[in-house]
>>> print(open('structure-v3.cif').read())   # mmCIF, C-alpha atoms
data_model
loop_
_atom_site.label_atom_id
_atom_site.label_comp_id
_atom_site.auth_asym_id
_atom_site.auth_seq_id
_atom_site.Cartn_x
_atom_site.Cartn_y
_atom_site.Cartn_z
CA MET A 1 -20.03 -2.65 17.20
CA LYS A 2 -17.38 -4.25 15.03
CA LEU A 3 -13.78 -3.82 13.91
CA SER A 4 -13.44 -1.76 10.72
CA GLU A 5 -12.56 -3.58 7.54
CA GLY A 6 -9.03 -3.53 6.28
CA TYR A 7 -6.93 -4.66 9.23
CA LEU A 8 -4.94 -7.79 9.89
CA VAL A 9 -4.46 -8.93 13.48
CA LYS A 10 -1.09 -10.60 13.85
CA GLU A 11 1.01 -12.05 16.61
CA ILE A 12 4.68 -11.11 16.36
CA ALA A 13 7.22 -12.25 18.95
CA GLY A 14 4.56 -12.78 21.58
CA SER A 15 2.86 -9.40 21.10
CA TYR A 16 -0.06 -8.41 18.94
CA VAL A 17 -0.48 -5.77 16.25
CA LEU A 18 -3.26 -4.54 14.01
CA LEU A 19 -1.81 -3.89 10.58
CA PRO A 20 -3.60 -1.78 7.97
CA VAL A 21 -4.23 -3.44 4.61
CA GLY A 22 -5.47 -2.25 1.24
CA GLN A 23 -6.64 1.33 1.11
CA ASN A 24 -5.70 1.82 4.77
CA VAL A 25 -2.04 1.39 3.78
CA VAL A 26 -2.44 4.02 1.06
CA ASP A 27 -4.14 6.35 3.55
CA TYR A 28 -1.25 5.86 6.03
CA GLN A 29 -3.39 4.40 8.80
CA HIS A 30 -1.13 3.54 11.67
CA ILE A 31 -0.32 0.24 13.27
CA LEU A 32 -1.94 -0.46 16.61
CA HIS A 33 -0.16 -2.49 19.26
CA ALA A 34 -2.17 -4.66 21.64
CA ASN A 35 -1.50 -6.88 24.61
CA GLU A 36 -3.26 -10.20 25.19
CA THR A 37 -6.42 -8.53 26.44
CA GLY A 38 -6.45 -6.20 23.45
CA TYR A 39 -5.99 -9.17 21.15
CA PHE A 40 -8.94 -10.93 22.78
CA ILE A 41 -11.12 -7.82 22.35
CA VAL A 42 -10.14 -7.43 18.71
CA SER A 43 -10.81 -11.07 17.92
CA GLN A 44 -14.32 -10.70 19.41
CA LEU A 45 -14.86 -7.56 17.32
CA LYS A 46 -14.31 -9.43 14.07
CA THR A 47 -18.08 -9.96 14.07
CA GLU A 48 -20.77 -7.60 15.33
CA VAL A 49 -20.99 -7.67 19.12
CA ALA A 50 -22.82 -5.52 21.67
CA TYR A 51 -20.80 -3.79 24.40
CA ASP A 52 -22.44 -5.73 27.25
CA ASP A 53 -21.82 -9.05 25.49
CA LEU A 54 -18.20 -8.13 24.90
CA LEU A 55 -17.69 -7.24 28.55
CA GLU A 56 -19.33 -10.50 29.59
CA ARG A 57 -17.09 -12.53 27.28
CA LEU A 58 -14.03 -10.79 28.71
CA ALA A 59 -15.19 -11.54 32.24
CA VAL A 60 -15.68 -15.22 31.42
CA ALA A 61 -12.33 -15.49 29.59
CA TYR A 62 -10.47 -13.95 32.56
CA GLU A 63 -12.66 -15.64 35.23
CA ALA A 64 -13.34 -12.22 36.69
CA ASP A 65 -15.29 -11.70 39.91
CA ALA A 66 -17.35 -8.52 40.49
CA GLU A 67 -14.32 -6.51 41.60
CA ASP A 68 -12.16 -7.65 38.69
CA LYS A 69 -15.01 -6.88 36.33
CA GLU A 70 -14.74 -3.18 37.21
CA ALA A 71 -11.06 -3.19 36.30
CA LEU A 72 -11.80 -5.16 33.13
CA LYS A 73 -14.46 -2.63 32.19
CA ALA A 74 -11.94 0.18 32.56
CA ASP A 75 -9.44 -1.71 30.37
CA LEU A 76 -12.10 -2.42 27.78
CA ASP A 77 -13.27 1.20 27.66
CA ALA A 78 -9.69 2.45 27.31
CA PHE A 79 -8.96 0.03 24.49
CA LEU A 80 -12.20 0.81 22.67
CA GLU A 81 -11.31 4.50 22.89
CA LYS A 82 -7.93 3.76 21.27
CA LEU A 83 -9.74 1.96 18.45
CA ARG A 84 -12.12 4.90 18.03
CA GLU A 85 -9.24 7.38 17.85
CA LYS A 86 -7.70 5.40 15.03
CA LYS A 87 -11.10 5.00 13.37
CA LEU A 88 -10.88 1.21 13.75
CA LEU A 89 -14.32 0.80 15.31
CA CYS A 90 -17.65 0.73 13.50
CA GLU A 91 -20.54 1.53 15.90
CA MET B 92 8.22 -16.51 -25.43
CA LYS B 93 11.38 -15.12 -23.82
CA LYS B 94 12.42 -16.40 -20.42
CA TYR B 95 14.26 -14.72 -17.61
CA ARG B 96 15.69 -16.04 -14.34
CA ILE B 97 14.92 -13.43 -11.67
CA ALA B 98 15.16 -13.97 -7.90
CA GLY B 99 15.37 -17.72 -8.49
CA LEU B 100 12.12 -17.74 -10.46
CA LEU B 101 11.50 -18.24 -14.16
CA LEU B 102 9.57 -15.38 -15.75
CA GLY B 103 8.14 -15.97 -19.23
CA ILE B 104 7.10 -12.98 -21.34
CA ASP B 105 5.03 -13.30 -24.50
CA ALA B 106 5.46 -9.98 -26.26
CA LYS B 107 6.98 -8.27 -29.26
CA GLU B 108 10.64 -7.36 -28.85
CA GLN B 109 9.87 -3.64 -29.04
CA PHE B 110 7.94 -3.82 -25.75
CA LEU B 111 10.77 -5.26 -23.68
CA HIS B 112 13.16 -3.00 -21.75
CA ARG B 113 16.88 -3.48 -22.24
CA GLU B 114 17.75 -4.46 -18.64
CA LEU B 115 15.76 -7.70 -19.01
CA GLN B 116 18.37 -8.99 -21.47
CA ASP B 117 20.88 -9.42 -18.63
CA PHE B 118 18.52 -11.94 -17.00
CA GLU B 119 17.52 -13.84 -20.13
CA VAL B 120 17.97 -17.62 -20.11
CA GLU B 121 17.40 -20.50 -22.47
CA SER B 122 15.08 -22.92 -20.72
CA GLU B 123 12.58 -25.62 -21.56
CA GLU B 124 10.98 -25.31 -18.12
CA LYS B 125 7.49 -23.98 -17.69
CA PRO B 126 7.67 -20.43 -16.30
CA ASP B 127 6.81 -19.84 -12.66
CA ILE B 128 5.26 -16.51 -13.69
CA TRP B 129 3.92 -15.59 -17.12
CA VAL B 130 3.27 -12.16 -18.60
CA GLY B 131 1.62 -11.48 -21.94
CA ILE B 132 1.52 -8.09 -23.65
CA SER B 133 -1.01 -7.22 -26.31
CA VAL B 134 -3.11 -4.35 -27.58
CA GLN B 135 -6.54 -3.75 -26.00
CA GLN B 136 -9.09 -4.52 -28.71
CA ASP B 137 -12.41 -3.32 -27.29
CA LYS B 138 -13.27 -0.56 -24.87
CA ARG B 139 -12.62 -1.89 -21.36
CA VAL B 140 -15.29 -1.76 -18.70
CA TYR B 141 -13.73 -1.71 -15.25
CA PRO B 142 -15.16 -3.68 -12.31
CA GLU B 143 -17.11 -1.83 -9.65
CA LYS B 144 -15.10 -2.90 -6.64
CA VAL B 145 -12.09 -0.64 -6.07
CA VAL B 146 -9.62 -2.03 -3.55
CA ILE B 147 -6.95 0.63 -3.97
CA SER B 148 -7.41 4.21 -5.07
CA ALA B 149 -4.08 6.03 -5.11
CA LYS B 150 -2.56 9.02 -6.85
CA LEU B 151 -0.89 6.92 -9.53
CA LEU B 152 -3.16 3.91 -9.91
CA GLN B 153 -6.44 2.19 -9.18
CA VAL B 154 -6.79 -1.50 -8.37
CA TYR B 155 -10.12 -3.18 -9.06
CA GLU B 156 -11.12 -6.61 -7.85
CA GLU B 157 -13.29 -9.31 -9.36
CA ALA B 158 -13.80 -12.89 -8.24
CA GLU B 159 -11.11 -14.30 -10.51
CA ARG B 160 -8.69 -11.40 -10.91
CA TYR B 161 -7.38 -7.97 -10.10
CA VAL B 162 -7.33 -5.20 -12.71
CA VAL B 163 -4.74 -2.43 -12.32
CA ARG B 164 -5.10 0.84 -14.14
CA TYR B 165 -2.58 3.66 -14.10
CA GLU B 166 -3.89 7.19 -13.81
CA ALA B 167 -2.83 9.38 -16.73
CA SER B 168 -1.04 6.67 -18.66
CA ASP B 169 0.30 7.15 -22.17
CA CYS B 170 0.34 3.61 -23.46
CA VAL B 171 -0.69 0.98 -20.92
CA GLU B 172 -4.46 0.68 -20.68
CA CYS B 173 -4.31 -1.71 -17.72
CA TYR B 174 -2.89 -5.02 -16.60
CA ILE B 175 -4.79 -8.00 -15.28
CA LEU B 176 -3.55 -10.35 -12.57
CA GLU B 177 -5.28 -13.71 -12.52
CA LYS B 178 -5.96 -15.10 -9.07
CA GLY B 179 -6.13 -18.77 -9.99
CA SER B 180 -2.81 -18.85 -11.82
CA ARG B 181 0.39 -16.82 -12.01
CA LYS B 182 -0.50 -15.16 -15.27
CA ALA B 183 -0.64 -11.45 -15.99
CA HIS B 184 -1.91 -9.73 -19.11
CA ILE B 185 -0.77 -6.24 -19.99
CA TYR B 186 -3.00 -4.37 -22.41
CA LEU B 187 -1.69 -1.46 -24.43
CA LYS B 188 -3.81 1.33 -25.84
CA SER B 189 -2.12 1.06 -29.20
CA GLU B 190 0.90 -0.53 -30.82
CA LYS B 191 2.01 2.81 -32.19
CA VAL B 192 2.67 4.54 -28.85
CA VAL B 193 5.24 2.57 -26.86
CA CYS B 194 6.18 3.99 -23.49
CA HIS B 195 8.89 1.70 -22.19
CA THR B 196 8.72 3.00 -18.63
CA GLU B 197 5.01 2.21 -18.24
CA ILE B 198 5.40 -1.23 -19.78
CA MET B 199 8.44 -1.91 -17.60
CA TYR B 200 6.49 -0.97 -14.45
CA SER B 201 3.64 -3.22 -15.52
CA ILE B 202 5.97 -6.20 -16.05
CA ARG B 203 7.78 -5.42 -12.82
CA ASP B 204 4.64 -5.08 -10.71
CA SER B 205 3.07 -8.21 -12.21
CA PHE B 206 6.23 -10.13 -11.31
CA PHE B 207 6.21 -8.72 -7.76
CA PHE B 208 2.52 -9.64 -7.30
CA TYR B 209 3.23 -13.28 -8.03
CA MET B 210 6.70 -13.55 -6.50
CA GLN B 211 5.11 -12.81 -3.11
CA GLN B 212 3.10 -16.02 -3.50
CA LEU B 213 6.41 -17.81 -4.03
CA GLY B 214 7.97 -16.58 -0.80
CA ARG B 215 9.74 -13.43 -1.96
CA VAL B 216 9.40 -9.83 -0.85
CA LYS B 217 10.58 -6.69 -2.55
CA VAL B 218 12.42 -4.27 -0.26
CA HIS B 219 12.73 -0.65 -1.26
CA SER B 220 16.43 -0.01 -0.67
CA ALA B 221 19.83 0.92 -2.03
CA SER B 222 22.07 -2.09 -1.54
CA ILE B 223 25.73 -3.04 -1.59
CA VAL B 224 27.79 -6.18 -1.36
CA TYR B 225 30.31 -6.02 1.47
CA GLN B 226 32.35 -8.92 2.79
CA GLY B 227 30.44 -11.31 0.53
CA LYS B 228 27.00 -10.33 1.80
CA ALA B 229 24.26 -8.00 0.65
CA TRP B 230 23.47 -5.07 2.95
CA LEU B 231 20.32 -3.13 2.25
CA PHE B 232 19.80 0.50 3.26
CA SER B 233 16.07 0.95 3.33
CA ALA B 234 14.00 4.10 3.76
CA PRO B 235 11.23 6.10 2.08
CA ALA B 236 12.13 8.02 -1.05
CA GLY B 237 14.26 11.10 -0.44
CA THR B 238 15.69 9.98 2.90
CA GLY B 239 19.19 9.48 1.54
CA LYS B 240 19.69 5.81 0.67
CA SER B 241 21.71 6.46 -2.47
CA THR B 242 23.63 9.26 -0.74
CA HIS B 243 24.59 6.85 2.00
CA VAL B 244 25.92 4.30 -0.49
CA GLN B 245 27.93 7.08 -2.14
CA LEU B 246 29.52 7.85 1.24
CA TRP B 247 30.77 4.26 1.47
CA LYS B 248 32.41 4.65 -1.93
CA ARG B 249 33.84 8.05 -1.05
CA LYS B 250 35.49 6.42 1.95
CA GLU B 251 36.83 3.82 -0.50
CA TYR B 252 35.42 0.96 1.53
CA PRO B 253 35.61 -2.36 -0.38
CA VAL B 254 32.01 -2.50 -1.61
CA GLU B 255 30.19 -3.19 -4.84
CA ASP B 256 26.83 -1.83 -5.90
CA PHE B 257 23.98 -4.37 -5.78
CA ASN B 258 20.86 -2.41 -6.69
CA GLY B 259 20.06 1.28 -6.53
CA ASP B 260 16.34 0.99 -5.77
CA ILE B 261 15.02 -2.46 -4.78
CA ALA B 262 16.06 -5.98 -3.91
CA ALA B 263 14.15 -9.24 -3.67
CA CYS B 264 14.71 -11.07 -0.37
CA TYR B 265 13.77 -14.63 0.43
CA MET B 266 14.83 -17.87 2.12
CA ASP B 267 16.57 -20.11 -0.37
CA ASN B 268 16.34 -23.91 -0.53
CA ASN B 269 19.20 -24.21 1.97
CA GLY B 270 17.34 -22.14 4.55
CA GLN B 271 19.61 -19.15 4.01
CA ALA B 272 18.36 -15.57 3.72
CA VAL B 273 19.39 -14.18 0.35
CA ALA B 274 19.04 -10.99 -1.65
CA ALA B 275 18.51 -11.24 -5.39
CA GLY B 276 19.31 -8.64 -7.99
CA LEU B 277 16.50 -7.45 -10.22
CA PRO B 278 16.33 -5.90 -13.71
CA TRP B 279 14.56 -2.89 -12.16
CA CYS B 280 16.48 -0.21 -10.33
CA GLY B 281 14.51 3.04 -10.45
CA THR B 282 16.50 5.88 -11.99
CA SER B 283 19.78 4.71 -10.47
CA GLY B 284 20.95 2.56 -13.38
CA LEU B 285 22.54 0.29 -10.75
CA TYR B 286 21.58 -3.37 -10.83
CA ARG B 287 23.18 -6.74 -11.20
CA ASN B 288 22.07 -10.24 -11.93
CA ASP B 289 23.23 -12.04 -8.81
CA THR B 290 22.00 -13.74 -5.66
CA VAL B 291 23.98 -13.07 -2.52
CA PRO B 292 23.60 -14.08 1.15
CA LEU B 293 21.70 -11.35 2.94
CA GLY B 294 23.76 -9.87 5.75
CA GLY B 295 21.18 -7.45 7.01
CA ILE B 296 18.95 -4.49 6.46
CA LEU B 297 19.59 -1.06 7.95
CA PHE B 298 16.59 1.25 8.12
CA LEU B 299 17.77 4.79 7.60
CA GLU B 300 16.42 7.81 9.44
CA ARG B 301 17.68 11.30 8.85
CA SER B 302 19.17 12.82 11.95
CA CYS B 303 21.63 15.40 13.23
CA HIS B 304 23.88 12.63 14.52
CA ASN B 305 25.09 9.21 13.42
CA GLU B 306 24.18 6.15 15.43
CA ALA B 307 23.21 2.55 14.69
CA TYR B 308 21.46 -0.06 16.76
CA ALA B 309 20.14 -3.56 16.20
CA THR B 310 16.37 -3.80 16.45
CA LYS B 311 14.44 -6.28 18.54
CA THR B 312 12.19 -8.70 16.70
CA MET B 313 8.95 -6.71 16.74
CA GLU B 314 10.54 -3.48 15.53
CA GLY B 315 12.54 -5.31 12.85
CA VAL B 316 9.48 -7.12 11.54
CA LEU B 317 7.32 -3.99 11.47
CA ARG B 318 10.00 -1.85 9.83
CA LEU B 319 10.68 -4.51 7.22
CA THR B 320 6.96 -5.03 6.54
CA ALA B 321 6.57 -1.27 6.02
CA ARG B 322 9.38 -1.31 3.44
CA CYS B 323 8.12 -4.45 1.68
CA LEU B 324 6.50 -2.95 -1.35
CA THR B 325 4.99 -6.27 -2.41
CA PRO B 326 1.19 -5.85 -2.44
CA ALA B 327 -0.84 -5.64 0.73
CA TRP B 328 -4.24 -5.29 -0.93
CA SER B 329 -5.77 -8.03 1.17
CA GLU B 330 -5.29 -9.57 4.61
CA GLY B 331 -3.81 -12.63 2.92
CA GLN B 332 -1.15 -10.59 1.14
CA MET B 333 -0.25 -8.60 4.24
CA ASP B 334 -0.07 -11.87 6.18
CA ARG B 335 2.42 -13.20 3.62
CA ASN B 336 4.54 -10.04 3.85
CA VAL B 337 4.65 -10.27 7.64
CA ASN B 338 5.41 -14.01 7.65
CA LEU B 339 8.27 -13.49 5.21
CA ALA B 340 9.55 -10.57 7.29
CA MET B 341 9.44 -12.71 10.46
CA GLU B 342 11.45 -15.40 8.70
CA LEU B 343 14.06 -12.96 7.37
CA VAL B 344 14.42 -11.28 10.77
CA LYS B 345 15.38 -14.66 12.26
CA HIS B 346 18.19 -15.15 9.77
CA CYS B 347 19.84 -11.77 9.33
CA THR B 348 20.42 -8.54 11.19
CA MET B 349 17.91 -5.72 11.21
CA GLY B 350 19.11 -2.34 12.43
CA VAL B 351 18.31 1.33 12.47
CA LEU B 352 20.84 3.89 11.29
CA TYR B 353 20.27 7.48 12.34
CA CYS B 354 22.42 9.33 9.88
CA THR B 355 23.61 12.60 8.43
CA PRO B 356 24.74 13.02 4.82
CA GLN B 357 28.36 13.17 6.01
CA GLU B 358 31.09 10.53 5.75
CA GLN B 359 30.84 9.72 9.44
CA ALA B 360 27.50 8.05 8.69
CA ALA B 361 29.28 5.47 6.55
CA GLU B 362 31.91 4.98 9.28
CA VAL B 363 29.19 4.28 11.85
CA ALA B 364 27.32 1.91 9.51
CA LYS B 365 30.50 0.03 8.63
CA GLU B 366 31.49 -0.28 12.28
CA PHE B 367 28.02 -1.67 13.08
CA ILE B 368 28.23 -4.20 10.26
CA ASP B 369 31.81 -5.19 11.09
CA LYS B 370 30.75 -5.94 14.69
CA ILE B 371 27.92 -8.16 13.41
CA LEU B 372 30.29 -10.03 11.12
CA GLU B 373 32.78 -10.45 13.97
CA ILE B 374 30.09 -11.90 16.25
CA LYS B 375 28.83 -14.25 13.55
CA GLU B 376 32.34 -15.50 12.90
CA LYS B 377 32.79 -16.40 16.55
CA CYS B 378 29.46 -18.30 16.71
#
>>> encode(input="structure-v3.cif", output="structure tokens")
Amino acid sequence: MKLSEGYLVKEIAGSYVLLPVGQNVVDYQHILHANETGYFIVSQLKTEVAYDDLLERLAVAYEADAEDKEALKADLDAFLEKLREKKLLCE
Amino acid sequence: MKKYRIAGLLLGIDAKEQFLHRELQDFEVESEEKPDIWVGISVQQDKRVYPEKVVISAKLLQVYEEAERYVVRYEASDCVECYILEKGSRKAHIYLKSEKVVCHTEIMYSIRDSFFFYMQQLGRVKVHSASIVYQGKAWLFSAPAGTGKSTHVQLWKRKEYPVEDFNGDIAACYMDNNGQAVAAGLPWCGTSGLYRNDTVPLGGILFLERSCHNEAYATKTMEGVLRLTARCLTPAWSEGQMDRNVNLAMELVKHCTMGVLYCTPQEQAAEVAKEFIDKILEIKEKC
């Protein structure tokens, strides 16, 4: 899976947003806010990545043990669902 | 070539007199300098073949992209075939369908939008707004069309507050060479007829929202940047252009006040806005 084309990831005042560009502006695609974890996920999705790989990268970045990994998985799934709702994810 | 000083930039236009709209005259200058932005207007000679890649498809226009340029074509145009924006330079070429049919509005929009495309590269953004000068500063009331920007400005005048019109439709905002946020008048003002050739310190931007009550608040950084970016009608066809808009917005937000004004079309809205602005000016005077 990969982030859809036509979005700029930007840090503003310590928080992160995905801003629509090009045709997505014309089509009134909304801005998506993200925290640091969301920003990490989005930056990994700039190139094609499999779900398991993405989860593994998150675990390494956050030095997660087995228990933390469950919580990370839940966060990842929730964030990916947000991206799907806004049609930001190509799978 | 005629030259015009607009928003601190020198615009050169190579075109017959008949193609130039009257408002440009108020910005004309004599200058030996090389223009920052150049626009040429001529008649399309051969049938144009448009590139395959469409980056924007909207109700009023299509934007095509090639390696070296963008090509912009209006839907249902009377006299402008298209205009071309070179990527490697700040040169635009406007092509007319014929010299016999001259639609000043279309040509004006083509000149205007070519200028805006390149002025973004030179650190300026265009903010859709009705603006006034109050206490020596420009105050922009920004909102989508039909919200009541011009109505709000009229309320200030009805209350006989000491204001002057700045522009009825748009303003260019940027950081000048002294690191000050400024608003620049433009020779384009929608249907308002209100414009002036001036550059004024930018006091702030109030984003209007129609409401059943009148209330103003100052935005935090994120909200101010996002609201301003949404009202920056300089192009966001690419990530690079959107990045520029956001960076300019972040810079402007640091140097002037961004606020939201919930407002009705009644005079109290102007009272609330003025009170908000007066408080800002009072605070700034103390600092």
>>> resolve_selection(input="structure-v3.cif", expression="the PyMOL selection byres ((chain A) within 6 of (chain B))", output="ChimeraX atom specification")
/A:8,21-23
>>> resolve_selection(input="structure-v3.cif", expression="the PyMOL selection byres ((chain B and resi 300) around 8)", output="list in words")
Ala234, Thr238, Phe298, Leu299, Arg301, Ser302, Val351, Leu352, Tyr353 and Cys354 of chain B
>>> resolve_selection(input="structure-v3.cif", expression="the PyMOL selection byres ((chain A and resi 42) around 12)", output="ChimeraX atom specification")
/A:1-4,7-10,16-18,32-41,43-49,54,58,76,79-80,82-83,88-89
>>> residues_around(input="structure-v3.cif", residues="Lys144 in chain B", least_positions_apart="4", cutoff="12 Å", atoms="all atoms listed in the file", output="list in words")
Ser148, Gln153, Val154, Tyr155, Glu156, Glu157, Ala158, Arg160, Tyr161, Val162 and Val163 of chain B
>>> residues_around(input="structure-v3.cif", residues="Ala262 in chain B", least_positions_apart="2", cutoff="10 Å", atoms="all atoms listed in the file", output="list of chain:residue names")
B:Ala98, B:Arg215, B:Val216, B:Lys217, B:Val218, B:His219, B:Ser220, B:Ala221, B:Ser222, B:Ala229, B:Leu231, B:Phe257, B:Asn258, B:Gly259, B:Asp260, B:Cys264, B:Tyr265, B:Val273, B:Ala274, B:Ala275, B:Gly276, B:Leu277, B:Pro278, B:Trp279, B:Cys280, B:Tyr286, B:Thr290, B:Cys323
>>> atom_distance(input="structure-v3.cif", atom1="CA of Leu100 in chain B", atom2="CA of Arg181 in chain B")
11.9 Å
>>> atom_distance(input="structure-v3.cif", atom1="CA of Ile132 in chain B", atom2="CA of Leu187 in chain B")
7.4 Å
>>> atom_distance(input="structure-v3.cif", atom1="CA of Met199 in chain B", atom2="CA of His112 in chain B")
6.4 Å
>>> closest_residue(input="structure-v3.cif", among="B:Ile198, B:Leu213, B:Met266, B:Val134", to="His346 in chain B", atoms="all atoms listed in the file")
B:Met266
>>> build_atoms(input="structure-v3.cif", residues="range 65-73 of chain A", atoms="all heavy atoms", output="tab-separated table (two decimals), keeping the file's coordinate frame")
chain	number	residue	atom	x	y	z
A	65	ASP	N	-14.20	-11.89	38.95
A	65	ASP	CA	-15.29	-11.70	39.91
A	65	ASP	C	-15.78	-10.25	39.77
A	65	ASP	O	-15.29	-9.50	38.92
A	65	ASP	CB	-14.83	-12.02	41.33
A	65	ASP	CG	-13.66	-11.17	41.77
A	65	ASP	OD1	-13.54	-10.02	41.27
A	65	ASP	OD2	-12.86	-11.63	42.60
A	66	ALA	N	-16.71	-9.85	40.62
A	66	ALA	CA	-17.35	-8.52	40.49
A	66	ALA	C	-16.31	-7.40	40.54
A	66	ALA	O	-16.36	-6.44	39.77
A	66	ALA	CB	-18.39	-8.33	41.56
A	67	GLU	N	-15.33	-7.57	41.45
A	67	GLU	CA	-14.32	-6.51	41.60
A	67	GLU	C	-13.44	-6.44	40.36
A	67	GLU	O	-13.13	-5.36	39.86
A	67	GLU	CB	-13.47	-6.84	42.83
A	67	GLU	CG	-12.69	-5.64	43.36
A	67	GLU	CD	-11.88	-6.02	44.59
A	67	GLU	OE1	-12.47	-6.59	45.54
A	67	GLU	OE2	-10.67	-5.77	44.59
A	68	ASP	N	-13.02	-7.61	39.89
A	68	ASP	CA	-12.16	-7.65	38.69
A	68	ASP	C	-12.90	-7.09	37.49
A	68	ASP	O	-12.29	-6.50	36.60
A	68	ASP	CB	-11.75	-9.10	38.36
A	68	ASP	CG	-10.84	-9.68	39.42
A	68	ASP	OD1	-10.17	-8.88	40.10
A	68	ASP	OD2	-10.80	-10.92	39.54
A	69	LYS	N	-14.22	-7.30	37.49
A	69	LYS	CA	-15.01	-6.88	36.33
A	69	LYS	C	-14.93	-5.37	36.16
A	69	LYS	O	-14.91	-4.86	35.04
A	69	LYS	CB	-16.47	-7.32	36.52
A	69	LYS	CG	-17.15	-7.66	35.22
A	69	LYS	CD	-18.49	-8.35	35.45
A	69	LYS	CE	-19.26	-8.38	34.16
A	69	LYS	NZ	-20.58	-8.99	34.27
A	70	GLU	N	-14.85	-4.65	37.28
A	70	GLU	CA	-14.74	-3.18	37.21
A	70	GLU	C	-13.44	-2.79	36.52
A	70	GLU	O	-13.40	-1.91	35.66
A	70	GLU	CB	-14.76	-2.56	38.62
A	70	GLU	CG	-16.16	-2.39	39.19
A	70	GLU	CD	-17.06	-1.61	38.26
A	70	GLU	OE1	-16.68	-0.49	37.82
A	70	GLU	OE2	-18.16	-2.13	37.93
A	71	ALA	N	-12.37	-3.47	36.90
A	71	ALA	CA	-11.06	-3.19	36.30
A	71	ALA	C	-11.06	-3.57	34.81
A	71	ALA	O	-10.53	-2.85	33.96
A	71	ALA	CB	-9.96	-3.96	37.03
A	72	LEU	N	-11.71	-4.71	34.52
A	72	LEU	CA	-11.80	-5.16	33.13
A	72	LEU	C	-12.57	-4.14	32.30
A	72	LEU	O	-12.20	-3.85	31.16
A	72	LEU	CB	-12.55	-6.50	33.06
A	72	LEU	CG	-11.70	-7.76	32.98
A	72	LEU	CD1	-12.59	-8.99	32.86
A	72	LEU	CD2	-10.72	-7.72	31.81
A	73	LYS	N	-13.63	-3.62	32.89
A	73	LYS	CA	-14.46	-2.63	32.19
A	73	LYS	C	-13.61	-1.40	31.85
A	73	LYS	O	-13.69	-0.87	30.74
A	73	LYS	CB	-15.67	-2.24	33.05
A	73	LYS	CG	-16.63	-1.30	32.35
A	73	LYS	CD	-17.85	-1.00	33.21
A	73	LYS	CE	-18.86	-0.14	32.47
A	73	LYS	NZ	-18.33	1.11	31.96
